[in-house]
$ cat entry.pdb   # PDB, C-alpha atoms, pLDDT in the B column
MODEL        1
ATOM      1  CA  MET L   1       0.970   2.430   7.685  1.00 77.00           C
ATOM      2  CA  PRO L   2      -1.336   4.483   9.959  1.00 84.00           C
ATOM      3  CA  PHE L   3      -1.291   8.284   9.866  1.00 87.00           C
ATOM      4  CA  LEU L   4       0.154   8.538  13.393  1.00 88.00           C
ATOM      5  CA  ASP L   5       3.189   6.498  12.336  1.00 89.00           C
ATOM      6  CA  LEU L   6       4.021   9.295   9.881  1.00 90.00           C
ATOM      7  CA  LEU L   7       3.513  12.081  12.398  1.00 90.00           C
ATOM      8  CA  PRO L   8       6.424  12.835  14.717  1.00 92.00           C
ATOM      9  CA  VAL L   9       5.769  15.248  17.559  1.00 91.00           C
ATOM     10  CA  GLU L  10       7.784  18.038  15.924  1.00 93.00           C
ATOM     11  CA  ARG L  11       5.379  18.117  12.963  1.00 95.00           C
ATOM     12  CA  VAL L  12       2.313  18.801  15.111  1.00 96.00           C
ATOM     13  CA  ARG L  13       2.017  22.547  15.364  1.00 95.00           C
ATOM     14  CA  THR L  14      -0.258  25.235  16.705  1.00 93.00           C
ATOM     15  CA  ASP L  15       1.933  28.207  15.807  1.00 83.00           C
ATOM     16  CA  LEU L  16       1.588  28.606  12.037  1.00 89.00           C
ATOM     17  CA  LEU L  17       0.143  31.964  10.986  1.00 93.00           C
ATOM     18  CA  PRO L  18      -0.354  31.807   7.218  1.00 95.00           C
ATOM     19  CA  ARG L  19      -1.637  34.842   5.342  1.00 94.00           C
ATOM     20  CA  ASP L  20      -3.554  32.709   2.848  1.00 95.00           C
ATOM     21  CA  LYS L  21      -3.753  29.265   1.259  1.00 94.00           C
ATOM     22  CA  ASN L  22      -0.556  29.680  -0.790  1.00 95.00           C
ATOM     23  CA  ASP L  23       1.388  30.818   2.254  1.00 96.00           C
ATOM     24  CA  LEU L  24       0.060  27.842   4.203  1.00 96.00           C
ATOM     25  CA  ILE L  25       1.178  25.450   1.446  1.00 96.00           C
ATOM     26  CA  ASP L  26       4.653  27.040   1.592  1.00 95.00           C
ATOM     27  CA  GLN L  27       4.822  26.615   5.379  1.00 95.00           C
ATOM     28  CA  LEU L  28       3.565  23.034   5.192  1.00 95.00           C
ATOM     29  CA  ALA L  29       6.150  22.200   2.520  1.00 95.00           C
ATOM     30  CA  ALA L  30       8.914  23.561   4.748  1.00 94.00           C
ATOM     31  CA  LEU L  31       7.563  21.531   7.667  1.00 93.00           C
ATOM     32  CA  LEU L  32       7.502  18.304   5.616  1.00 92.00           C
ATOM     33  CA  ALA L  33      10.709  18.776   3.621  1.00 88.00           C
ATOM     34  CA  ASN L  34      13.029  17.175   6.210  1.00 80.00           C
ATOM     35  CA  GLY L  35      16.022  16.791   3.896  1.00 76.00           C
ATOM     36  CA  THR L  36      13.982  16.781   0.698  1.00 74.00           C
ATOM     37  CA  ASP L  37      14.029  19.737  -1.649  1.00 87.00           C
ATOM     38  CA  VAL L  38      11.320  22.030  -0.279  1.00 92.00           C
ATOM     39  CA  THR L  39      10.470  23.127  -3.828  1.00 93.00           C
ATOM     40  CA  ALA L  40       9.641  19.538  -4.811  1.00 92.00           C
ATOM     41  CA  VAL L  41       7.402  19.176  -1.753  1.00 93.00           C
ATOM     42  CA  ARG L  42       5.644  22.487  -2.418  1.00 95.00           C
ATOM     43  CA  ASP L  43       5.188  21.609  -6.095  1.00 94.00           C
ATOM     44  CA  ALA L  44       3.599  18.258  -5.223  1.00 93.00           C
ATOM     45  CA  LEU L  45       1.138  19.889  -2.815  1.00 94.00           C
ATOM     46  CA  ARG L  46       0.266  22.680  -5.257  1.00 94.00           C
ATOM     47  CA  ALA L  47      -0.141  20.254  -8.171  1.00 92.00           C
ATOM     48  CA  ARG L  48      -2.758  18.345  -6.196  1.00 90.00           C
ATOM     49  CA  GLU L  49      -4.578  21.562  -5.256  1.00 88.00           C
ATOM     50  CA  ARG L  50      -4.781  22.493  -8.954  1.00 90.00           C
ATOM     51  CA  LEU L  51      -6.612  19.213  -9.621  1.00 89.00           C
ATOM     52  CA  GLY L  52      -9.232  20.089  -7.019  1.00 85.00           C
ATOM     53  CA  GLY L  53      -9.254  21.711  -3.627  1.00 83.00           C
ATOM     54  CA  THR L  54      -8.554  19.578  -0.584  1.00 86.00           C
ATOM     55  CA  GLY L  55     -10.750  21.556   1.814  1.00 87.00           C
ATOM     56  CA  LEU L  56     -13.184  18.971   3.195  1.00 89.00           C
ATOM     57  CA  GLY L  57     -15.545  21.432   4.800  1.00 90.00           C
ATOM     58  CA  HIS L  58     -16.340  22.152   8.440  1.00 93.00           C
ATOM     59  CA  GLY L  59     -13.000  23.948   8.802  1.00 94.00           C
ATOM     60  CA  VAL L  60     -10.839  20.957   7.792  1.00 95.00           C
ATOM     61  CA  ALA L  61      -8.382  20.509   4.919  1.00 95.00           C
ATOM     62  CA  ILE L  62      -6.144  17.627   3.880  1.00 92.00           C
ATOM     63  CA  PRO L  63      -3.616  18.952   1.392  1.00 95.00           C
ATOM     64  CA  HIS L  64      -1.648  16.042   0.008  1.00 91.00           C
ATOM     65  CA  GLY L  65       0.598  15.058  -2.814  1.00 90.00           C
ATOM     66  CA  ARG L  66       2.752  12.398  -4.365  1.00 89.00           C
ATOM     67  CA  SER L  67       6.301  13.010  -5.479  1.00 89.00           C
ATOM     68  CA  SER L  68       9.128  11.028  -7.013  1.00 89.00           C
ATOM     69  CA  ALA L  69      11.461  13.271  -4.965  1.00 88.00           C
ATOM     70  CA  VAL L  70      10.577  11.451  -1.725  1.00 87.00           C
ATOM     71  CA  GLU L  71      11.264   7.882  -0.677  1.00 88.00           C
ATOM     72  CA  HIS L  72       9.113   7.750   2.450  1.00 88.00           C
ATOM     73  CA  ALA L  73       5.667   9.020   3.345  1.00 88.00           C
ATOM     74  CA  SER L  74       5.476  11.898   5.810  1.00 91.00           C
ATOM     75  CA  ALA L  75       2.756  13.902   7.496  1.00 93.00           C
ATOM     76  CA  ALA L  76       2.123  16.978   9.578  1.00 95.00           C
ATOM     77  CA  PHE L  77      -0.868  18.306  11.459  1.00 96.00           C
ATOM     78  CA  VAL L  78      -1.503  21.939  12.287  1.00 96.00           C
ATOM     79  CA  ARG L  79      -4.208  23.930  13.976  1.00 96.00           C
ATOM     80  CA  LEU L  80      -4.275  27.507  12.795  1.00 95.00           C
ATOM     81  CA  ALA L  81      -4.869  30.295  15.313  1.00 90.00           C
ATOM     82  CA  THR L  82      -6.713  32.240  12.640  1.00 93.00           C
ATOM     83  CA  PRO L  83      -8.743  30.246  10.097  1.00 95.00           C
ATOM     84  CA  ILE L  84      -8.071  30.934   6.411  1.00 95.00           C
ATOM     85  CA  ASP L  85     -10.065  30.502   3.233  1.00 94.00           C
ATOM     86  CA  PHE L  86      -9.080  27.197   1.658  1.00 92.00           C
ATOM     87  CA  GLY L  87     -11.736  27.057  -1.028  1.00 89.00           C
ATOM     88  CA  ALA L  88     -13.864  24.412   0.672  1.00 89.00           C
ATOM     89  CA  ASP L  89     -17.288  23.845  -0.918  1.00 90.00           C
ATOM     90  CA  ASP L  90     -19.068  24.915   2.273  1.00 91.00           C
ATOM     91  CA  GLY L  91     -17.137  28.203   2.388  1.00 91.00           C
ATOM     92  CA  VAL L  92     -16.049  27.656   6.010  1.00 94.00           C
ATOM     93  CA  PRO L  93     -12.489  28.873   6.660  1.00 96.00           C
ATOM     94  CA  VAL L  94      -9.999  26.156   7.588  1.00 96.00           C
ATOM     95  CA  ASP L  95      -8.292  25.849  10.968  1.00 96.00           C
ATOM     96  CA  LEU L  96      -7.483  22.099  11.103  1.00 96.00           C
ATOM     97  CA  VAL L  97      -4.991  20.882   8.506  1.00 96.00           C
ATOM     98  CA  ALA L  98      -3.554  17.400   8.036  1.00 95.00           C
ATOM     99  CA  VAL L  99      -0.952  17.236   5.281  1.00 95.00           C
ATOM    100  CA  LEU L 100       0.469  14.142   3.581  1.00 92.00           C
ATOM    101  CA  LEU L 101       3.333  13.649   1.182  1.00 92.00           C
ATOM    102  CA  VAL L 102       3.964  10.200  -0.242  1.00 89.00           C
ATOM    103  CA  PRO L 103       6.271   8.696  -2.861  1.00 90.00           C
ATOM    104  CA  ALA L 104       4.826   8.664  -6.379  1.00 87.00           C
ATOM    105  CA  HIS L 105       4.244   4.887  -6.288  1.00 84.00           C
ATOM    106  CA  PHE L 106       2.222   4.923  -3.031  1.00 79.00           C
ATOM    107  CA  THR L 107      -1.188   4.947  -4.717  1.00 74.00           C
ATOM    108  CA  ASP L 108      -3.017   2.414  -2.508  1.00 78.00           C
ATOM    109  CA  GLN L 109      -1.371   3.514   0.747  1.00 78.00           C
ATOM    110  CA  HIS L 110      -2.096   7.141  -0.088  1.00 75.00           C
ATOM    111  CA  LEU L 111      -5.802   6.396  -0.519  1.00 83.00           C
ATOM    112  CA  LYS L 112      -5.921   4.432   2.745  1.00 86.00           C
ATOM    113  CA  LEU L 113      -4.346   7.335   4.644  1.00 84.00           C
ATOM    114  CA  LEU L 114      -6.817   9.804   3.135  1.00 84.00           C
ATOM    115  CA  ALA L 115      -9.730   7.546   4.061  1.00 87.00           C
ATOM    116  CA  GLU L 116      -8.422   7.271   7.631  1.00 88.00           C
ATOM    117  CA  LEU L 117      -8.275  11.069   7.896  1.00 89.00           C
ATOM    118  CA  ALA L 118     -11.668  11.622   6.283  1.00 89.00           C
ATOM    119  CA  GLU L 119     -13.225   9.262   8.831  1.00 89.00           C
ATOM    120  CA  LEU L 120     -11.439  11.007  11.698  1.00 90.00           C
ATOM    121  CA  PHE L 121     -12.611  14.459  10.615  1.00 91.00           C
ATOM    122  CA  SER L 122     -16.194  13.336  10.091  1.00 90.00           C
ATOM    123  CA  ASN L 123     -16.479  12.971  13.881  1.00 91.00           C
ATOM    124  CA  ALA L 124     -17.609  16.331  15.318  1.00 93.00           C
ATOM    125  CA  ALA L 125     -16.508  15.336  18.838  1.00 92.00           C
ATOM    126  CA  VAL L 126     -12.961  14.710  17.604  1.00 93.00           C
ATOM    127  CA  THR L 127     -12.740  17.985  15.680  1.00 94.00           C
ATOM    128  CA  SER L 128     -14.073  19.828  18.713  1.00 95.00           C
ATOM    129  CA  GLU L 129     -11.396  18.247  20.904  1.00 94.00           C
ATOM    130  CA  LEU L 130      -8.709  19.126  18.351  1.00 95.00           C
ATOM    131  CA  ARG L 131      -9.864  22.734  18.366  1.00 95.00           C
ATOM    132  CA  SER L 132      -9.793  22.959  22.152  1.00 95.00           C
ATOM    133  CA  ALA L 133      -6.407  21.284  22.743  1.00 95.00           C
ATOM    134  CA  PRO L 134      -4.235  23.824  24.599  1.00 94.00           C
ATOM    135  CA  ASP L 135      -0.922  22.985  22.894  1.00 93.00           C
ATOM    136  CA  ALA L 136       0.778  20.770  20.314  1.00 93.00           C
ATOM    137  CA  ALA L 137       1.270  17.861  22.740  1.00 93.00           C
ATOM    138  CA  ALA L 138      -2.428  17.833  23.638  1.00 94.00           C
ATOM    139  CA  LEU L 139      -3.274  18.185  19.959  1.00 93.00           C
ATOM    140  CA  ARG L 140      -1.291  15.056  19.071  1.00 92.00           C
ATOM    141  CA  GLU L 141      -2.867  13.215  22.001  1.00 93.00           C
ATOM    142  CA  ALA L 142      -6.343  14.174  20.738  1.00 93.00           C
ATOM    143  CA  LEU L 143      -5.395  12.948  17.263  1.00 92.00           C
ATOM    144  CA  GLN L 144      -4.156   9.683  18.706  1.00 90.00           C
ATOM    145  CA  LYS L 145      -7.334   9.231  20.717  1.00 90.00           C
ATOM    146  CA  GLY L 146      -9.526  10.036  17.708  1.00 87.00           C
ATOM    147  CA  LEU L 147      -7.668   7.733  15.347  1.00 81.00           C
ATOM    148  CA  ARG L 148      -7.804   4.831  17.778  1.00 79.00           C
ATOM    149  CA  ALA L 149     -11.489   5.262  18.603  1.00 66.00           C
TER     150      ALA L 149
ENDMDL
END

$ encode --input "entry.pdb" --output "structure tokens"
Amino acid sequence: MPFLDLLPVERVRTDLLPRDKNDLIDQLAALLANGTDVTAVRDALRARERLGGTGLGHGVAIPHGRSSAVEHASAAFVRLATPIDFGADDGVPVDLVAVLLVPAHFTDQHLKLLAELAELFSNAAVTSELRSAPDAAALREALQKGLRA
């Protein structure tokens, strides 16, 4: 299942204003919860961060997690107005965030989705377009264009 299939329009946002990484994880969990216990979603995302940071570098992060509390994979994408420290190895604050939550048994699919996103974010032209999109609709369109390129 491609990333875009998991990303409804209402989970593409440009209006999140987190104070820090923990606050961002809380906001992302609320965005993804969609009927699932938000605590379970937050715990899955935080558990993965404890294993190793998901800041890729160049201002991009892909927080993700697996949880037995969810039956279907879901995703969100946000562009932060003010970049935050996400603990990336390059030290660059993060402003582009793709988040994934998948059922506990989705091992192979989870890895395929992460690879798809890593390839997308390795393209400087795509990340530049994502950063310059004027609103959430244009942001999703830029994602769609980048993922289909």

$ resolve_selection --input "entry.pdb" --expression "the PyMOL selection byres ((chain L and resi 71-85) around 9)" --output "number ranges by chain"
L: 3-21, 24, 28, 31-33, 59, 64, 66-70, 86-88, 91-104, 106, 110, 130-131, 136, 139-140

$ closest_residue --input "entry.pdb" --among "L:Thr127, L:Leu143, L:Gly35, L:Glu119" --to "L:His58" --atoms "only C-alpha atoms"
L:Thr127

$ closest_residue --input "entry.pdb" --among "L:Ala29, L:Val60, L:Ala142, L:Ala137" --to "L:Ser122" --atoms "all atoms listed in the file"
L:Val60

$ closest_residue --input "entry.pdb" --among "L:Asn123, L:Asn22, L:Gln144, L:Thr39" --to "L:Pro63" --atoms "only C-alpha atoms"
L:Asn22

$ axis_aligned_box --input "entry.pdb" --around "stretch 129-138 of chain L" --padding-each-side "4 Å" --output "JSON"
{"center_x": -5.1, "center_y": 20.8, "center_z": 21.5, "size_x": 20.7, "size_y": 14.0, "size_z": 14.2}

$ resolve_selection --input "entry.pdb" --expression "the PyMOL selection byres ((chain L and resi 53) around 10)" --output "number ranges by chain"
L: 46, 48-52, 54-56, 61-63, 86-89

$ atom_distance --input "entry.pdb" --atom1 "atom CA of L:Ala125" --atom2 "atom CA of L:Leu111"
23.9 Å

$ atom_distance --input "entry.pdb" --atom1 "atom CA of L:Ala47" --atom2 "atom CA of L:Gln109"
19.0 Å

$ closest_residue --input "entry.pdb" --among "L:Leu147, L:Ala138, L:Ala133, L:Ala44" --to "L:Leu113" --atoms "all atoms listed in the file"
L:Leu147

$ atom_distance --input "entry.pdb" --atom1 "atom CA of L:Val38" --atom2 "atom CA of L:His105"
19.5 Å

$ closest_residue --input "entry.pdb" --among "L:Lys145, L:Ile25, L:Glu116, L:Gly57" --to "L:Arg42" --atoms "all atoms listed in the file"
L:Ile25

$ build_atoms --input "entry.pdb" --residues "stretch 85-106 of chain L" --atoms "N, CA and C atoms" --output "CSV table (one decimal), in the coordinates of the input"
chain,number,residue,atom,x,y,z
L,85,ASP,N,-9.3,31.0,4.3
L,85,ASP,CA,-10.1,30.5,3.2
L,85,ASP,C,-9.2,29.5,2.5
L,86,PHE,N,-9.8,28.3,2.3
L,86,PHE,CA,-9.1,27.2,1.7
L,86,PHE,C,-9.9,26.7,0.4
L,87,GLY,N,-10.9,27.4,0.1
L,87,GLY,CA,-11.7,27.1,-1.0
L,87,GLY,C,-12.6,25.9,-0.8
L,88,ALA,N,-13.0,25.5,0.4
L,88,ALA,CA,-13.9,24.4,0.7
L,88,ALA,C,-15.3,24.7,0.1
L,89,ASP,N,-16.0,23.7,-0.3
L,89,ASP,CA,-17.3,23.8,-0.9
L,89,ASP,C,-18.3,24.5,0.0
L,90,ASP,N,-18.1,24.3,1.3
L,90,ASP,CA,-19.1,24.9,2.3
L,90,ASP,C,-18.7,26.4,2.6
L,91,GLY,N,-17.5,26.8,2.1
L,91,GLY,CA,-17.1,28.2,2.4
L,91,GLY,C,-16.6,28.5,3.8
L,92,VAL,N,-16.5,27.5,4.6
L,92,VAL,CA,-16.0,27.7,6.0
L,92,VAL,C,-14.5,27.7,6.0
L,93,PRO,N,-13.9,28.8,6.6
L,93,PRO,CA,-12.5,28.9,6.7
L,93,PRO,C,-11.9,27.7,7.4
L,94,VAL,N,-10.7,27.3,7.1
L,94,VAL,CA,-10.0,26.2,7.6
L,94,VAL,C,-9.1,26.5,8.8
L,95,ASP,N,-9.2,25.7,9.8
L,95,ASP,CA,-8.3,25.8,11.0
L,95,ASP,C,-7.6,24.5,11.3
L,96,LEU,N,-8.1,23.4,10.8
L,96,LEU,CA,-7.5,22.1,11.1
L,96,LEU,C,-6.9,21.6,9.8
L,97,VAL,N,-5.6,21.3,9.8
L,97,VAL,CA,-5.0,20.9,8.5
L,97,VAL,C,-4.1,19.7,8.7
L,98,ALA,N,-4.4,18.6,8.1
L,98,ALA,CA,-3.6,17.4,8.0
L,98,ALA,C,-2.9,17.4,6.6
L,99,VAL,N,-1.6,17.2,6.6
L,99,VAL,CA,-1.0,17.2,5.3
L,99,VAL,C,-0.2,15.9,5.1
L,100,LEU,N,-0.2,15.4,3.9
L,100,LEU,CA,0.5,14.1,3.6
L,100,LEU,C,1.3,14.3,2.3
L,101,LEU,N,2.5,13.7,2.4
L,101,LEU,CA,3.3,13.6,1.2
L,101,LEU,C,3.8,12.2,1.1
L,102,VAL,N,3.6,11.6,-0.1
L,102,VAL,CA,4.0,10.2,-0.2
L,102,VAL,C,4.8,10.0,-1.5
L,103,PRO,N,5.6,9.0,-1.6
L,103,PRO,CA,6.3,8.7,-2.9
L,103,PRO,C,5.3,8.5,-4.0
L,104,ALA,N,5.7,8.7,-5.2
L,104,ALA,CA,4.8,8.7,-6.4
L,104,ALA,C,4.1,7.3,-6.5
L,105,HIS,N,4.8,6.2,-6.1
L,105,HIS,CA,4.2,4.9,-6.3
L,105,HIS,C,3.3,4.4,-5.2
L,106,PHE,N,3.0,5.3,-4.2
L,106,PHE,CA,2.2,4.9,-3.0
L,106,PHE,C,0.7,5.1,-3.3
